[in-house]
file target_1.pdb (PDB, C-alpha atoms)
ATOM      1  CA  MET A   8     108.157 140.753  72.574
ATOM      2  CA  LEU A   9     110.778 140.296  75.272
ATOM      3  CA  PHE A  10     108.140 140.849  77.978
ATOM      4  CA  LYS A  11     105.863 138.232  76.375
ATOM      5  CA  PHE A  12     108.752 135.741  76.256
ATOM      6  CA  ALA A  13     109.545 136.374  79.948
ATOM      7  CA  VAL A  14     105.902 135.804  80.905
ATOM      8  CA  ILE A  15     105.916 132.463  79.060
ATOM      9  CA  ILE A  16     109.105 131.360  80.850
ATOM     10  CA  VAL A  17     107.785 132.343  84.294
ATOM     11  CA  THR A  18     104.406 130.680  83.641
ATOM     12  CA  SER A  19     106.145 127.508  82.492
ATOM     13  CA  PHE A  20     108.337 127.489  85.626
ATOM     14  CA  ILE A  21     105.325 127.932  87.942
ATOM     15  CA  SER A  22     103.446 125.139  86.153
ATOM     16  CA  THR A  23     106.420 122.824  86.592
ATOM     17  CA  LEU A  24     106.519 123.622  90.327
ATOM     18  CA  ALA A  25     102.798 122.941  90.644
ATOM     19  CA  PHE A  26     103.099 119.529  89.029
ATOM     20  CA  SER A  27     106.187 118.549  91.026
ATOM     21  CA  ALA A  28     104.610 119.197  94.450
ATOM     22  CA  SER A  29     104.121 116.135  96.636
ATOM     23  CA  ALA A  30     100.670 114.630  96.770
ATOM     24  CA  PRO A  31      98.949 115.082 100.139
ATOM     25  CA  LEU A  32      98.981 112.200 102.611
ATOM     26  CA  VAL A  33      95.269 111.719 103.125
ATOM     27  CA  SER A  34      93.730 110.449 106.361
ATOM     28  CA  ILE A  35      90.418 110.367 108.177
ATOM     29  CA  PRO A  36      89.307 112.150 111.354
ATOM     30  CA  THR A  37      89.121 109.161 113.726
ATOM     31  CA  GLN A  38      92.673 108.085 112.908
ATOM     32  CA  ASP A  39      93.996 111.652 112.931
ATOM     33  CA  THR A  40      92.543 112.188 116.401
ATOM     34  CA  PHE A  41      93.885 108.865 117.672
ATOM     35  CA  PHE A  42      97.352 109.747 116.335
ATOM     36  CA  SER A  43      97.203 113.285 117.774
ATOM     37  CA  ASN A  44      96.040 112.062 121.180
ATOM     38  CA  ILE A  45      99.182 109.945 121.487
ATOM     39  CA  ALA A  46     101.414 112.685 120.062
ATOM     40  CA  GLU A  47     100.208 115.055 122.799
ATOM     41  CA  HIS A  48     102.372 113.014 125.181
ATOM     42  CA  CYS A  49     105.503 113.333 123.061
ATOM     43  CA  GLY A  50     108.670 113.466 125.163
ATOM     44  CA  LYS A  51     107.006 111.823 128.154
ATOM     45  CA  ALA A  52     107.391 108.354 129.652
ATOM     46  CA  PHE A  53     104.885 106.376 131.704
ATOM     47  CA  GLU A  54     104.921 103.251 133.832
ATOM     48  CA  GLY A  55     102.502 100.425 133.178
ATOM     49  CA  LYS A  56     101.392  97.035 134.403
ATOM     50  CA  VAL A  57     100.120  93.844 132.847
ATOM     51  CA  THR A  58      96.354  93.792 133.371
ATOM     52  CA  VAL A  59      95.482  90.747 131.228
ATOM     53  CA  ASP A  60      97.679  87.754 130.425
ATOM     54  CA  ASN A  61      96.080  84.353 130.000
ATOM     55  CA  GLN A  62      99.488  82.719 129.477
ATOM     56  CA  PRO A  63     101.602  84.380 132.172
ATOM     57  CA  SER A  64     105.360  84.330 131.813
ATOM     58  CA  ALA A  65     108.260  85.786 133.741
ATOM     59  CA  ALA A  66     109.190  87.795 130.631
ATOM     60  CA  PHE A  67     107.135  90.764 131.845
ATOM     61  CA  ASP A  68     107.902  90.522 135.576
ATOM     62  CA  ALA A  69     109.867  93.778 135.546
ATOM     63  CA  LYS A  70     109.225  97.504 135.441
ATOM     64  CA  LEU A  71     107.225  98.297 132.289
ATOM     65  CA  VAL A  72     107.700 101.710 130.671
ATOM     66  CA  MET A  73     106.485 103.303 127.459
ATOM     67  CA  PHE A  74     108.189 106.433 126.142
ATOM     68  CA  VAL A  75     106.563 108.572 123.444
ATOM     69  CA  ARG A  76     110.014 109.397 122.162
ATOM     70  CA  TYR A  77     109.616 110.718 118.611
ATOM     71  CA  CYS A  78     106.688 112.393 116.873
ATOM     72  CA  ASP A  79     106.246 114.083 113.533
ATOM     73  CA  ASP A  80     103.253 114.591 111.241
ATOM     74  CA  VAL A  81     103.250 110.996 109.991
ATOM     75  CA  GLU A  82     105.168 108.824 112.485
ATOM     76  CA  LEU A  83     105.280 108.066 116.205
ATOM     77  CA  GLN A  84     108.063 106.013 117.823
ATOM     78  CA  ILE A  85     107.230 104.556 121.227
ATOM     79  CA  PRO A  86     109.867 102.365 122.887
ATOM     80  CA  PHE A  87     108.488  99.760 125.309
ATOM     81  CA  TYR A  88     110.971  98.894 128.078
ATOM     82  CA  VAL A  89     110.784  95.762 130.204
ATOM     83  CA  GLY A  90     113.237  96.334 133.037
ATOM     84  CA  ASP A  91     116.654  96.776 131.431
ATOM     85  CA  ASN A  92     115.452  95.291 128.151
ATOM     86  CA  ALA A  93     115.195  98.132 125.623
ATOM     87  CA  SER A  94     114.725  95.926 122.562
ATOM     88  CA  ARG A  95     111.190  96.940 121.581
ATOM     89  CA  THR A  96     109.916 100.043 119.765
ATOM     90  CA  TRP A  97     106.370 100.477 118.502
ATOM     91  CA  ILE A  98     106.151 102.517 115.306
ATOM     92  CA  ILE A  99     102.775 103.978 114.324
ATOM     93  CA  LYS A 100     102.686 105.508 110.871
ATOM     94  CA  LYS A 101     100.130 107.247 108.668
ATOM     95  CA  THR A 102     100.099 105.492 105.295
ATOM     96  CA  GLY A 103      97.485 107.360 103.282
ATOM     97  CA  SER A 104      95.114 104.406 103.589
ATOM     98  CA  GLY A 105      95.057 104.181 107.368
ATOM     99  CA  LEU A 106      97.593 103.556 110.114
ATOM    100  CA  SER A 107     100.278 100.902 110.374
ATOM    101  CA  LEU A 108     101.827  99.494 113.533
ATOM    102  CA  LYS A 109     105.272  97.908 113.412
ATOM    103  CA  HIS A 110     107.358  96.314 116.154
ATOM    104  CA  ASP A 111     111.040  97.194 115.762
ATOM    105  CA  HIS A 112     112.972  94.570 117.737
ATOM    106  CA  ARG A 113     116.723  95.001 118.219
ATOM    107  CA  HIS A 114     119.578  93.326 120.039
ATOM    108  CA  LYS A 115     121.631  95.245 122.566
ATOM    109  CA  ASP A 116     124.266  96.014 119.912
ATOM    110  CA  GLY A 117     121.560  97.642 117.767
ATOM    111  CA  SER A 118     121.336  94.834 115.231
ATOM    112  CA  TYR A 119     117.907  93.589 114.199
ATOM    113  CA  ASP A 120     116.317  90.590 115.839
ATOM    114  CA  PRO A 121     115.158  87.961 113.292
ATOM    115  CA  VAL A 122     111.592  88.651 114.481
ATOM    116  CA  THR A 123     111.306  92.357 113.724
ATOM    117  CA  MET A 124     109.142  94.898 111.892
ATOM    118  CA  TYR A 125     106.102  92.687 112.229
ATOM    119  CA  GLY A 126     102.741  94.298 112.806
ATOM    120  CA  GLY A 127      99.582  95.211 111.004
ATOM    121  CA  HIS A 128      97.465  97.823 109.288
ATOM    122  CA  THR A 129      94.058  99.240 110.095
ATOM    123  CA  LEU A 130      91.204  97.845 108.009
ATOM    124  CA  ASP A 131      88.545 100.373 108.990
ATOM    125  CA  ALA A 132      88.085 103.805 110.550
ATOM    126  CA  GLY A 133      88.397 102.563 114.108
ATOM    127  CA  PHE A 134      87.661 105.100 116.811
ATOM    128  CA  GLU A 135      89.333 108.215 118.171
ATOM    129  CA  GLN A 136      90.281 106.166 121.253
ATOM    130  CA  ILE A 137      90.871 102.710 119.708
ATOM    131  CA  GLN A 138      92.654 101.353 116.648
ATOM    132  CA  SER A 139      93.124  97.703 115.650
ATOM    133  CA  PHE A 140      95.978  96.326 113.560
ATOM    134  CA  PRO A 141      95.433  92.790 112.163
ATOM    135  CA  ALA A 142      98.656  91.078 111.087
ATOM    136  CA  ASP A 143      99.790  92.162 107.626
ATOM    137  CA  GLN A 144     101.089  89.856 104.905
ATOM    138  CA  TYR A 145     104.761  90.545 105.692
ATOM    139  CA  SER A 146     104.163  89.518 109.296
ATOM    140  CA  LYS A 147     102.250  86.363 108.369
ATOM    141  CA  GLU A 148     105.053  85.239 106.076
ATOM    142  CA  LEU A 149     107.676  86.076 108.719
ATOM    143  CA  PHE A 150     105.812  84.109 111.398
ATOM    144  CA  ALA A 151     105.350  81.123 109.071
ATOM    145  CA  LYS A 152     109.022  81.143 108.078
ATOM    146  CA  LEU A 153     110.254  81.334 111.681
ATOM    147  CA  GLY A 154     107.958  78.617 113.023
ATOM    148  CA  LEU A 155     105.458  80.902 114.768
ATOM    149  CA  PRO A 156     102.217  79.885 113.011
ATOM    150  CA  GLN A 157     100.100  80.732 116.066
ATOM    151  CA  SER A 158     100.961  84.422 115.511
ATOM    152  CA  ILE A 159      99.540  84.592 111.970
ATOM    153  CA  THR A 160      96.127  85.578 113.347
ATOM    154  CA  ASN A 161      97.513  88.254 115.682
ATOM    155  CA  VAL A 162      95.536  91.449 116.108
ATOM    156  CA  TRP A 163      97.209  94.285 118.001
ATOM    157  CA  GLN A 164      95.104  97.025 119.527
ATOM    158  CA  MET A 165      95.984 100.339 121.094
ATOM    159  CA  TYR A 166      93.681 102.423 123.286
ATOM    160  CA  ILE A 167      94.255 106.054 124.229
ATOM    161  CA  TYR A 168      92.105 107.712 126.910
ATOM    162  CA  PRO A 169      92.864 110.804 129.003
ATOM    163  CA  ASP A 170      94.267 108.726 131.896
ATOM    164  CA  THR A 171      95.388 105.500 130.207
ATOM    165  CA  PHE A 172      97.230 104.127 127.185
ATOM    166  CA  SER A 173      96.831 100.407 126.518
ATOM    167  CA  TYR A 174      98.638  97.936 124.273
ATOM    168  CA  ARG A 175      96.753  94.698 123.628
ATOM    169  CA  LEU A 176      97.486  91.521 121.669
ATOM    170  CA  VAL A 177      94.707  89.056 120.870
ATOM    171  CA  ARG A 178      94.439  85.858 118.869
ATOM    172  CA  GLU A 179      92.628  82.581 119.357
ATOM    173  CA  GLY A 180      93.451  81.363 122.869
ATOM    174  CA  ARG A 181      95.705  84.326 123.671
ATOM    175  CA  GLU A 182      95.167  87.722 125.223
ATOM    176  CA  PHE A 183      97.805  90.083 126.590
ATOM    177  CA  ARG A 184      97.330  93.680 127.699
ATOM    178  CA  VAL A 185      99.460  96.349 129.357
ATOM    179  CA  ASP A 186      97.919  99.563 130.705
ATOM    180  CA  PHE A 187     100.024 102.679 131.252
ATOM    181  CA  ASP A 188      99.122 105.475 133.670
ATOM    182  CA  LEU A 189      99.189 108.744 131.719
ATOM    183  CA  THR A 190      98.495 110.835 134.812
ATOM    184  CA  GLN A 191     101.960 110.231 136.305
ATOM    185  CA  PRO A 192     104.841 110.910 133.883
ATOM    186  CA  ILE A 193     108.176 109.467 134.968
ATOM    187  CA  THR A 194     111.779 110.238 134.084
ATOM    188  CA  ALA A 195     112.368 109.421 130.439
ATOM    189  CA  PRO A 196     114.729 106.471 129.891
ATOM    190  CA  LYS A 197     117.709 106.354 127.555
ATOM    191  CA  ALA A 198     117.235 105.638 123.871
ATOM    192  CA  PRO A 199     116.152 102.091 123.061
ATOM    193  CA  TRP A 200     118.590  99.642 121.511
ATOM    194  CA  GLY A 201     119.495 100.632 117.955
ATOM    195  CA  TYR A 202     118.580 104.309 118.436
ATOM    196  CA  THR A 203     120.576 107.298 119.667
ATOM    197  CA  ASP A 204     119.612 110.194 121.955
TER     198      ASP A 204
END
call {"tool": "encode", "arguments": {"input": "target_1.pdb", "output": "structure tokens"}}
result
Amino acid sequence: MLFKFAVIIVTSFISTLAFSASAPLVSIPTQDTFFSNIAEHCGKAFEGKVTVDNQPSAAFDAKLVMFVRYCDDVELQIPFYVGDNASRTWIIKKTGSGLSLKHDHRHKDGSYDPVTMYGGHTLDAGFEQIQSFPADQYSKELFAKLGLPQSITNVWQMYIYPDTFSYRLVREGREFRVDFDLTQPITAPKAPWGYTD
């Protein structure tokens, strides 16, 4: 009788553990490969250059560096440095229904810029080398509120090939692209604004 009671208790405990396990974060092969291809460069930094800009500005007339700074199974953090400006970090995250891209913008003291955490979410499978992120609802509302209606139709794209990583922004009348040379890693910079080493 005691043995039977112990078996019931143990079985009940195991059942409780089974039901309390986290659900898997599902994803699809093209997005997994895209994510993994970037993560392979974790801990490395690369210099880039503007290759397309149909509205040139002095804002990007400085050394451009991307740093694949943090990687885990579901998130990549990639600061984008423009000279001494370390205000920008791209965050790519697996969501269970695709990939999201967010732009974490900070001030030098680490506080958030009013225009921050905007970005988009994949709408389809994309490709192992290319993913597109049309502006999400949060971003559209942020842009409208802050007087940036032209940005509501933003689509961000990222390309990852063996020799090159590219960041591209497109919308009606606007195209901007930076290409980074993955064949020549450079010395990793300090943590971006708002983060610690």
call {"tool": "closest_residue", "arguments": {"input": "target_1.pdb", "among": "A:Ala69, A:Ile167, A:Cys49, A:Ala93", "to": "His114 of chain A", "atoms": "all atoms listed in the file"}}
result
A:Ala93
call {"tool": "residues_near_point", "arguments": {"input": "target_1.pdb", "point": "(114.1, 91.3, 113.6)", "cutoff": "12 Å", "atoms": "all atoms listed in the file", "output": "JSON, numbers by chain"}}
result
{"A": [94, 95, 96, 109, 110, 111, 112, 113, 114, 117, 118, 119, 120, 121, 122, 123, 124, 125, 126, 146, 149, 150, 153, 201]}
call {"tool": "resolve_selection", "arguments": {"input": "target_1.pdb", "expression": "the PyMOL selection byres ((chain A and resi 178) around 8)", "output": "PyMOL selection string"}}
result
chain A and resi 158+160-162+176-177+179-182
call {"tool": "closest_residue", "arguments": {"input": "target_1.pdb", "among": "A:Asp39, A:Asp131, A:Asp60, A:Glu47", "to": "Asp186 of chain A", "atoms": "all atoms listed in the file"}}
result
A:Asp60
call {"tool": "residues_around", "arguments": {"input": "target_1.pdb", "residues": "Ser34 of chain A", "least_positions_apart": "3", "cutoff": "10 Å", "atoms": "all atoms listed in the file", "output": "PDB file with C-alpha atoms, in the coordinates of the input"}}
result
ATOM      1  CA  PRO A  31      98.949 115.082 100.139  1.00  0.00           C
ATOM      2  CA  THR A  37      89.121 109.161 113.726  1.00  0.00           C
ATOM      3  CA  GLN A  38      92.673 108.085 112.908  1.00  0.00           C
ATOM      4  CA  ASP A  39      93.996 111.652 112.931  1.00  0.00           C
ATOM      5  CA  LYS A 101     100.130 107.247 108.668  1.00  0.00           C
ATOM      6  CA  THR A 102     100.099 105.492 105.295  1.00  0.00           C
ATOM      7  CA  GLY A 103      97.485 107.360 103.282  1.00  0.00           C
ATOM      8  CA  SER A 104      95.114 104.406 103.589  1.00  0.00           C
ATOM      9  CA  GLY A 105      95.057 104.181 107.368  1.00  0.00           C
ATOM     10  CA  LEU A 106      97.593 103.556 110.114  1.00  0.00           C
ATOM     11  CA  ALA A 132      88.085 103.805 110.550  1.00  0.00           C
TER      12      ALA A 132
END
call {"tool": "atom_distance", "arguments": {"input": "target_1.pdb", "atom1": "atom CA of Leu130 of chain A", "atom2": "atom CA of Gln62 of chain A"}}
result
27.5 Å
call {"tool": "atom_distance", "arguments": {"input": "target_1.pdb", "atom1": "atom CA of Pro36 of chain A", "atom2": "atom CA of Glu135 of chain A"}}
result
7.9 Å
call {"tool": "residues_around", "arguments": {"input": "target_1.pdb", "residues": "Ala66 of chain A", "least_positions_apart": "3", "cutoff": "12 Å", "atoms": "all atoms listed in the file", "output": "PDB file with C-alpha atoms, in the coordinates of the input"}}
result
ATOM      1  CA  VAL A  57     100.120  93.844 132.847  1.00  0.00           C
ATOM      2  CA  ASP A  60      97.679  87.754 130.425  1.00  0.00           C
ATOM      3  CA  GLN A  62      99.488  82.719 129.477  1.00  0.00           C
ATOM      4  CA  PRO A  63     101.602  84.380 132.172  1.00  0.00           C
ATOM      5  CA  ALA A  69     109.867  93.778 135.546  1.00  0.00           C
ATOM      6  CA  LYS A  70     109.225  97.504 135.441  1.00  0.00           C
ATOM      7  CA  LEU A  71     107.225  98.297 132.289  1.00  0.00           C
ATOM      8  CA  TYR A  88     110.971  98.894 128.078  1.00  0.00           C
ATOM      9  CA  VAL A  89     110.784  95.762 130.204  1.00  0.00           C
ATOM     10  CA  GLY A  90     113.237  96.334 133.037  1.00  0.00           C
ATOM     11  CA  ASP A  91     116.654  96.776 131.431  1.00  0.00           C
ATOM     12  CA  ASN A  92     115.452  95.291 128.151  1.00  0.00           C
TER      13      ASN A  92
END
call {"tool": "closest_residue", "arguments": {"input": "target_1.pdb", "among": "A:Phe87, A:Gln144, A:Asn61, A:Ile45", "to": "Met165 of chain A", "atoms": "only C-alpha atoms"}}
result
A:Ile45
call {"tool": "resolve_selection", "arguments": {"input": "target_1.pdb", "expression": "the PyMOL selection byres ((chain A and resi 172) around 12)", "output": "NGL selection string"}}
result
:A and (41 or 44-46 or 48 or 52-56 or 72-75 or 85 or 136-138 or 164-171 or 173-175 or 184-191)
call {"tool": "build_atoms", "arguments": {"input": "target_1.pdb", "residues": "segment 191-202 of chain A", "atoms": "all heavy atoms", "output": "short mmCIF file (atom, residue, chain, number, x, y, z; two decimals), in the coordinates of the input"}}
result
data_model
loop_
_atom_site.label_atom_id
_atom_site.label_comp_id
_atom_site.auth_asym_id
_atom_site.auth_seq_id
_atom_site.Cartn_x
_atom_site.Cartn_y
_atom_site.Cartn_z
N GLN A 191 100.73 110.14 135.50
CA GLN A 191 101.96 110.23 136.30
C GLN A 191 103.19 110.04 135.43
O GLN A 191 103.78 108.95 135.39
CB GLN A 191 101.96 109.15 137.41
CG GLN A 191 100.82 109.27 138.40
CD GLN A 191 100.96 110.48 139.30
OE1 GLN A 191 102.07 110.89 139.63
NE2 GLN A 191 99.85 111.06 139.70
N PRO A 192 103.61 111.06 134.68
CA PRO A 192 104.84 110.91 133.88
C PRO A 192 106.03 110.60 134.77
O PRO A 192 106.09 111.03 135.93
CB PRO A 192 105.01 112.29 133.23
CG PRO A 192 103.66 112.92 133.29
CD PRO A 192 103.01 112.39 134.54
N ILE A 193 106.96 109.82 134.24
CA ILE A 193 108.18 109.47 134.97
C ILE A 193 109.39 109.96 134.18
O ILE A 193 109.26 110.44 133.05
CB ILE A 193 108.27 107.95 135.21
CG1 ILE A 193 108.36 107.19 133.87
CG2 ILE A 193 107.06 107.45 136.02
CD1 ILE A 193 108.64 105.70 134.01
N THR A 194 110.54 109.82 134.77
CA THR A 194 111.78 110.24 134.08
C THR A 194 111.96 109.42 132.82
O THR A 194 111.87 108.19 132.84
CB THR A 194 112.99 110.05 135.01
OG1 THR A 194 112.79 110.80 136.20
CG2 THR A 194 114.27 110.51 134.32
N ALA A 195 112.21 110.11 131.72
CA ALA A 195 112.37 109.42 130.44
C ALA A 195 113.63 108.57 130.44
O ALA A 195 114.69 109.02 130.89
CB ALA A 195 112.42 110.43 129.31
N PRO A 196 113.54 107.34 129.95
CA PRO A 196 114.73 106.47 129.89
C PRO A 196 115.64 106.84 128.73
O PRO A 196 115.32 107.71 127.91
CB PRO A 196 114.13 105.08 129.68
CG PRO A 196 112.82 105.33 129.02
CD PRO A 196 112.33 106.68 129.49
N LYS A 197 116.77 106.17 128.67
CA LYS A 197 117.71 106.35 127.56
C LYS A 197 117.09 105.80 126.28
O LYS A 197 116.11 105.06 126.31
CB LYS A 197 119.04 105.66 127.86
CG LYS A 197 119.80 106.30 129.00
CD LYS A 197 121.13 105.57 129.21
CE LYS A 197 121.92 106.21 130.35
NZ LYS A 197 123.20 105.51 130.59
N ALA A 198 117.72 106.12 125.16
CA ALA A 198 117.24 105.64 123.87
C ALA A 198 117.18 104.12 123.86
O ALA A 198 118.03 103.45 124.47
CB ALA A 198 118.15 106.14 122.76
N PRO A 199 116.21 103.56 123.16
CA PRO A 199 116.15 102.09 123.06
C PRO A 199 117.30 101.56 122.20
O PRO A 199 117.97 102.33 121.50
CB PRO A 199 114.80 101.85 122.38
CG PRO A 199 114.57 103.09 121.58
CD PRO A 199 115.16 104.20 122.39
N TRP A 200 117.51 100.28 122.27
CA TRP A 200 118.59 99.64 121.51
C TRP A 200 118.41 99.93 120.03
O TRP A 200 117.32 99.85 119.47
CB TRP A 200 118.58 98.15 121.76
CG TRP A 200 118.85 97.78 123.20
CD1 TRP A 200 119.31 98.59 124.19
CD2 TRP A 200 118.62 96.51 123.81
NE1 TRP A 200 119.41 97.91 125.37
CE2 TRP A 200 118.99 96.62 125.18
CE3 TRP A 200 118.14 95.27 123.34
CZ2 TRP A 200 118.91 95.55 126.07
CZ3 TRP A 200 118.06 94.21 124.22
CH2 TRP A 200 118.42 94.35 125.57
N GLY A 201 119.52 100.33 119.38
CA GLY A 201 119.50 100.63 117.96
C GLY A 201 119.19 102.08 117.63
O GLY A 201 119.25 102.47 116.47
N TYR A 202 118.88 102.89 118.63
CA TYR A 202 118.58 104.31 118.44
C TYR A 202 119.60 105.14 119.23
O TYR A 202 120.26 104.62 120.11
CB TYR A 202 117.16 104.64 118.90
CG TYR A 202 116.08 104.01 118.07
CD1 TYR A 202 115.77 102.66 118.19
CD2 TYR A 202 115.33 104.77 117.17
CE1 TYR A 202 114.75 102.08 117.42
CE2 TYR A 202 114.32 104.21 116.40
CZ TYR A 202 114.04 102.85 116.53
OH TYR A 202 113.04 102.29 115.78
#
